[in-house]
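What follows is one structure encoded as structure tokens, with my remarks underneath.
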Amino acid sequence: MSQVPDEFLSFIKNMSINQAPVLIAIIICGIACILISKKCHEMVVEQDIISTKNASVKTELDLASKIQLDMLPSEFPAFPDRKEFDIYASMLPAKEVGGDFYDYYLIDSDHLVLTIADVSDKVVPSALFMSMSRTILKLNAETYHSPKEIMKYSNNLLCDESKDRMFVTAWLVIYEISTGTLTCVNAGHEYPIIMRNNGEYEIYKDKHSFVLGGLRDVPFKEYTLKLNIGDELFLYTDGVAEATGENDELFGLDRTVSTLNKYKNCNQKELHKNIEQTLLDYTGNNNQFYDITMLSFKVKSI
């Protein structure tokens with residue numbers, strides 16, 4: 001075995017002494033790179049796990065959203081064999097699952113129930129409470145043919161079942177088809193908007209009662225309205241008036257009414273689409289925080 005040349009040993013010795021700080025720095029950097037590489041690998045693995053979980057959650061929310069939307073009536077014309085009125089409704093959820101709902105159904109040949117409502121909170125809990133609220137209201141409407149009685153018994157049931165202090169605002173009306181008379185209860189919901197035949201849309205500041213699910217045995221105020229041929233009723237949730245622009249200004253009721261009047265000659269479906277697009281244009285890059293839910297009703301004959 002040949003000996004190591006003296007010159008090489010001398011070079012190594014001199015480098016070890018003179019370049020010690022450099023060697024130490026190189027060693028430290030090497031160790032740091034190994035640690036950083038390990039940490040990056042752990043982060044990638046963790047991110048993969050999170051992404052998989054998020055994908056799973058999104059799939060579940062998408063399914064829940066579909067189930068929720070499928071629960072709402074969506075066939076239009078709503079009652080093809082009834083020529084006395086037209087109904088159109090739409091909902092654009094703010095998140096995968098929302099808390100708004102609408103409903104309409106005949107309880108007999110001469111009485112039609114219209115409902116629009118907004119559950120407190122968002123996402124899955126509100127969707128579950130929404131489903132329960134809609135079911136309870138409908139069952140009570142088949143039993144009690146008075147809006148204040150429907151609200152009274154529905155409210156007590158919702159108070160009993162609401163474990164998380166959730167509540168729902170609702171506007172419910174029974175329309176008597178033969179007379180054009182609306183019997184209404186507004187349980188803390190938005191004001192209805194009415195357009196008389198060939199007129200303008202205007203806010204109707206009705207009497208408000210307390211919300212559903214908030215307090216047992218509260219009284220509900222009932223009032224009546226008369227609609228004539230050509231009159232239209234527009235119902236909505238807070239997602240319309242409280243849409244927020246990029247300047248943090250709310251869309252507001254005044255803009256809502258002016259937008260309705262701008263498109264008042266459109267059919268109901270086009271009216272809803274135009275309002276939705278106007279709201280999306282107004283909010284711009286802001287996220288849609290509230291569900292946008294609307295229901296239109298027009299009297300064609302009495």
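Chain lettering (A, B, ...) mirrors the order of the structure tokens, residue numbering begins at 1 for each chain separately, and ligand numbering begins at 1 in order of display.
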_Contact residues around Val173 (chain A) with only C-alpha atoms at 8 Å, ignoring same-chain residues under 2 positions, as a PyMOL selection string_ = chain A and resi 113-115+147+171+175+182-185
Just the selected residues (N, CA, C and O atoms), exported as a PDB file, in the first residue's frame, please.
```pdb
ATOM      1  N   VAL A 113    -101.008  28.552  -0.559  1.00  0.00           N
ATOM      2  CA  VAL A 113    -100.061  29.028   0.452  1.00  0.00           C
ATOM      3  C   VAL A 113     -98.754  29.433  -0.231  1.00  0.00           C
ATOM      4  O   VAL A 113     -98.214  28.688  -1.052  1.00  0.00           O
ATOM      5  N   LEU A 114     -98.264  30.618   0.128  1.00  0.00           N
ATOM      6  CA  LEU A 114     -96.955  31.086  -0.326  1.00  0.00           C
ATOM      7  C   LEU A 114     -96.092  31.337   0.906  1.00  0.00           C
ATOM      8  O   LEU A 114     -96.559  31.936   1.885  1.00  0.00           O
ATOM      9  N   THR A 115     -94.858  30.897   0.852  1.00  0.00           N
ATOM     10  CA  THR A 115     -93.933  31.097   1.978  1.00  0.00           C
ATOM     11  C   THR A 115     -92.550  31.445   1.458  1.00  0.00           C
ATOM     12  O   THR A 115     -92.088  30.880   0.465  1.00  0.00           O
ATOM     13  N   PRO A 147    -103.170  31.756   8.819  1.00  0.00           N
ATOM     14  CA  PRO A 147    -101.732  32.007   8.926  1.00  0.00           C
ATOM     15  C   PRO A 147    -101.236  32.210  10.361  1.00  0.00           C
ATOM     16  O   PRO A 147    -100.175  31.714  10.726  1.00  0.00           O
ATOM     17  N   TRP A 171     -92.288  34.849   5.956  1.00  0.00           N
ATOM     18  CA  TRP A 171     -93.483  35.557   5.487  1.00  0.00           C
ATOM     19  C   TRP A 171     -94.382  34.492   4.881  1.00  0.00           C
ATOM     20  O   TRP A 171     -93.999  33.829   3.918  1.00  0.00           O
ATOM     21  N   TYR A 175    -103.573  32.714  -0.013  1.00  0.00           N
ATOM     22  CA  TYR A 175    -104.238  33.478  -1.075  1.00  0.00           C
ATOM     23  C   TYR A 175    -105.546  32.795  -1.444  1.00  0.00           C
ATOM     24  O   TYR A 175    -105.559  31.618  -1.815  1.00  0.00           O
ATOM     25  N   LEU A 182    -105.357  38.202   0.167  1.00  0.00           N
ATOM     26  CA  LEU A 182    -104.204  37.622   0.833  1.00  0.00           C
ATOM     27  C   LEU A 182    -104.379  37.778   2.347  1.00  0.00           C
ATOM     28  O   LEU A 182    -104.645  38.881   2.826  1.00  0.00           O
ATOM     29  N   THR A 183    -104.224  36.694   3.080  1.00  0.00           N
ATOM     30  CA  THR A 183    -104.185  36.758   4.536  1.00  0.00           C
ATOM     31  C   THR A 183    -102.764  36.412   4.946  1.00  0.00           C
ATOM     32  O   THR A 183    -102.284  35.318   4.655  1.00  0.00           O
ATOM     33  N   CYS A 184    -102.088  37.362   5.615  1.00  0.00           N
ATOM     34  CA  CYS A 184    -100.636  37.269   5.761  1.00  0.00           C
ATOM     35  C   CYS A 184    -100.172  37.358   7.214  1.00  0.00           C
ATOM     36  O   CYS A 184    -100.829  37.973   8.053  1.00  0.00           O
ATOM     37  N   VAL A 185     -99.001  36.775   7.451  1.00  0.00           N
ATOM     38  CA  VAL A 185     -98.254  36.975   8.691  1.00  0.00           C
ATOM     39  C   VAL A 185     -96.786  37.152   8.323  1.00  0.00           C
ATOM     40  O   VAL A 185     -96.231  36.354   7.573  1.00  0.00           O
TER      41      VAL A 185
END
```
*Write down as a count of residues only the residues of region 179-231 of chain A whose backbone DSSP state falls under strand (DSSP E).*
19
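Of the listed residues (A:Lys83, A:Lys273, A:Ala94, A:Ser131), A:Ala94 comes nearest to Asn286 (chain A); the distances count only C-alpha atoms.
Using only C-alpha atoms, the contacts of Leu260 (chain A) at a cut-off of 9 Å, with sequence neighbours closer than 5 positions omitted, comprise Glu200, Tyr201, Arg255, Leu271, Asn274 and Ile275 of chain A.
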Selected residues written out, all heavy atoms, as a PDB file, in the first residue's frame:
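Okay, this is what ended up in result_14.pdb:
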```
ATOM      1  N   GLU A 200     -96.001  50.771 -10.606  1.00  0.00           N
ATOM      2  CA  GLU A 200     -94.600  50.610 -10.233  1.00  0.00           C
ATOM      3  C   GLU A 200     -94.504  49.694  -9.016  1.00  0.00           C
ATOM      4  O   GLU A 200     -95.420  49.625  -8.195  1.00  0.00           O
ATOM      5  CB  GLU A 200     -93.989  51.978  -9.883  1.00  0.00           C
ATOM      6  CG  GLU A 200     -93.961  52.959 -11.044  1.00  0.00           C
ATOM      7  CD  GLU A 200     -92.776  52.732 -11.963  1.00  0.00           C
ATOM      8  OE1 GLU A 200     -91.629  52.754 -11.468  1.00  0.00           O
ATOM      9  OE2 GLU A 200     -92.989  52.511 -13.170  1.00  0.00           O
ATOM     10  N   TYR A 201     -93.381  49.018  -8.901  1.00  0.00           N
ATOM     11  CA  TYR A 201     -93.126  48.242  -7.687  1.00  0.00           C
ATOM     12  C   TYR A 201     -92.936  49.189  -6.513  1.00  0.00           C
ATOM     13  O   TYR A 201     -92.218  50.196  -6.610  1.00  0.00           O
ATOM     14  CB  TYR A 201     -91.873  47.383  -7.848  1.00  0.00           C
ATOM     15  CG  TYR A 201     -92.085  46.106  -8.634  1.00  0.00           C
ATOM     16  CD1 TYR A 201     -91.692  46.011  -9.963  1.00  0.00           C
ATOM     17  CD2 TYR A 201     -92.663  44.995  -8.027  1.00  0.00           C
ATOM     18  CE1 TYR A 201     -91.867  44.833 -10.675  1.00  0.00           C
ATOM     19  CE2 TYR A 201     -92.842  43.815  -8.732  1.00  0.00           C
ATOM     20  CZ  TYR A 201     -92.441  43.743 -10.054  1.00  0.00           C
ATOM     21  OH  TYR A 201     -92.637  42.574 -10.757  1.00  0.00           O
ATOM     22  N   ARG A 255     -82.413  50.489  -4.243  1.00  0.00           N
ATOM     23  CA  ARG A 255     -81.878  49.905  -5.477  1.00  0.00           C
ATOM     24  C   ARG A 255     -82.683  48.669  -5.881  1.00  0.00           C
ATOM     25  O   ARG A 255     -82.858  48.406  -7.074  1.00  0.00           O
ATOM     26  CB  ARG A 255     -80.404  49.527  -5.302  1.00  0.00           C
ATOM     27  CG  ARG A 255     -79.439  50.698  -5.315  1.00  0.00           C
ATOM     28  CD  ARG A 255     -78.003  50.188  -5.451  1.00  0.00           C
ATOM     29  NE  ARG A 255     -77.033  51.267  -5.362  1.00  0.00           N
ATOM     30  CZ  ARG A 255     -76.457  51.675  -4.238  1.00  0.00           C
ATOM     31  NH1 ARG A 255     -76.757  51.065  -3.104  1.00  0.00           N
ATOM     32  NH2 ARG A 255     -75.583  52.662  -4.234  1.00  0.00           N
ATOM     33  N   LEU A 271     -87.020  38.363 -14.968  1.00  0.00           N
ATOM     34  CA  LEU A 271     -86.901  39.326 -13.877  1.00  0.00           C
ATOM     35  C   LEU A 271     -85.919  38.819 -12.826  1.00  0.00           C
ATOM     36  O   LEU A 271     -85.013  39.546 -12.395  1.00  0.00           O
ATOM     37  CB  LEU A 271     -88.278  39.555 -13.234  1.00  0.00           C
ATOM     38  CG  LEU A 271     -88.316  40.495 -12.027  1.00  0.00           C
ATOM     39  CD1 LEU A 271     -88.022  41.927 -12.458  1.00  0.00           C
ATOM     40  CD2 LEU A 271     -89.678  40.424 -11.331  1.00  0.00           C
ATOM     41  N   ASN A 274     -82.311  38.831 -14.167  1.00  0.00           N
ATOM     42  CA  ASN A 274     -81.768  40.188 -14.257  1.00  0.00           C
ATOM     43  C   ASN A 274     -81.393  40.732 -12.883  1.00  0.00           C
ATOM     44  O   ASN A 274     -80.377  41.424 -12.729  1.00  0.00           O
ATOM     45  CB  ASN A 274     -82.777  41.120 -14.931  1.00  0.00           C
ATOM     46  CG  ASN A 274     -82.854  40.898 -16.426  1.00  0.00           C
ATOM     47  OD1 ASN A 274     -81.852  40.590 -17.070  1.00  0.00           O
ATOM     48  ND2 ASN A 274     -84.033  41.052 -16.998  1.00  0.00           N
ATOM     49  N   ILE A 275     -82.196  40.428 -11.880  1.00  0.00           N
ATOM     50  CA  ILE A 275     -81.883  40.883 -10.528  1.00  0.00           C
ATOM     51  C   ILE A 275     -80.624  40.178 -10.019  1.00  0.00           C
ATOM     52  O   ILE A 275     -79.731  40.813  -9.434  1.00  0.00           O
ATOM     53  CB  ILE A 275     -83.067  40.637  -9.573  1.00  0.00           C
ATOM     54  CG1 ILE A 275     -84.244  41.519  -9.963  1.00  0.00           C
ATOM     55  CG2 ILE A 275     -82.664  40.927  -8.119  1.00  0.00           C
ATOM     56  CD1 ILE A 275     -85.516  41.227  -9.204  1.00  0.00           C
TER      57      ILE A 275
END
```
*Enumerate, as a PyMOL selection string, the complete set of residues in region 81-213 of chain A that a backbone-based DSSP assignment places in helix (DSSP H, G or I).*
chain A and resi 123-143+147-161
*Considering only C-alpha atoms, return as a PyMOL selection string whatever protein or nucleic-acid residues lie within 9 Å of Ile150 (chain A), sequence-local ones (same chain, fewer than 2 positions apart) excluded.*
chain A and resi 137-148+152-155+172
Write out as JSON lines a residue-level contact list of region 145-201 of chain A versus region 261-264 of chain A with cut-off 12 Å: for each qualifying residue the closest pair of atoms and the distance in Å to one decimal, counting only C-alpha atoms, rows sorted by chain and residue number upward.
```
{"residue": "A:Ile193", "atom": "CA", "partner": "A:Asn261", "partner_atom": "CA", "distance": 11.0}
{"residue": "A:Ile194", "atom": "CA", "partner": "A:Asn261", "partner_atom": "CA", "distance": 10.9}
{"residue": "A:Met195", "atom": "CA", "partner": "A:Lys264", "partner_atom": "CA", "distance": 8.9}
{"residue": "A:Arg196", "atom": "CA", "partner": "A:Lys264", "partner_atom": "CA", "distance": 11.2}
{"residue": "A:Asn197", "atom": "CA", "partner": "A:Lys264", "partner_atom": "CA", "distance": 10.9}
{"residue": "A:Asn198", "atom": "CA", "partner": "A:Lys264", "partner_atom": "CA", "distance": 9.3}
{"residue": "A:Gly199", "atom": "CA", "partner": "A:Asn261", "partner_atom": "CA", "distance": 9.1}
{"residue": "A:Glu200", "atom": "CA", "partner": "A:Asn261", "partner_atom": "CA", "distance": 6.1}
{"residue": "A:Tyr201", "atom": "CA", "partner": "A:Asn261", "partner_atom": "CA", "distance": 6.0}
```
*Mind checking which residues fall within 10 Å of region 295-298 of chain A, counting only C-alpha atoms, ignoring those fewer than 4 positions away in the same chain, and posting them as a PyMOL selection string?*
chain A and resi 84-91+101-104+114-116+193-197+227-237+268-269+271-272
*asked:* Using only C-alpha atoms, which protein or nucleic acid residues come within 7 Å of Ala243 (chain A)? Drop anything in the same chain fewer than 4 positions from it, and give the result as a ChimeraX atom specification.
replied: /A:239,250-251,279,283
*Just how far from CA of Leu128 (chain A) is CA of Lys163 (chain A), in Å to one decimal?*
12.1 Å
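Between CA of Ile203 (chain A) and CA of Cys266 (chain A) lies a distance of 19.2 Å.
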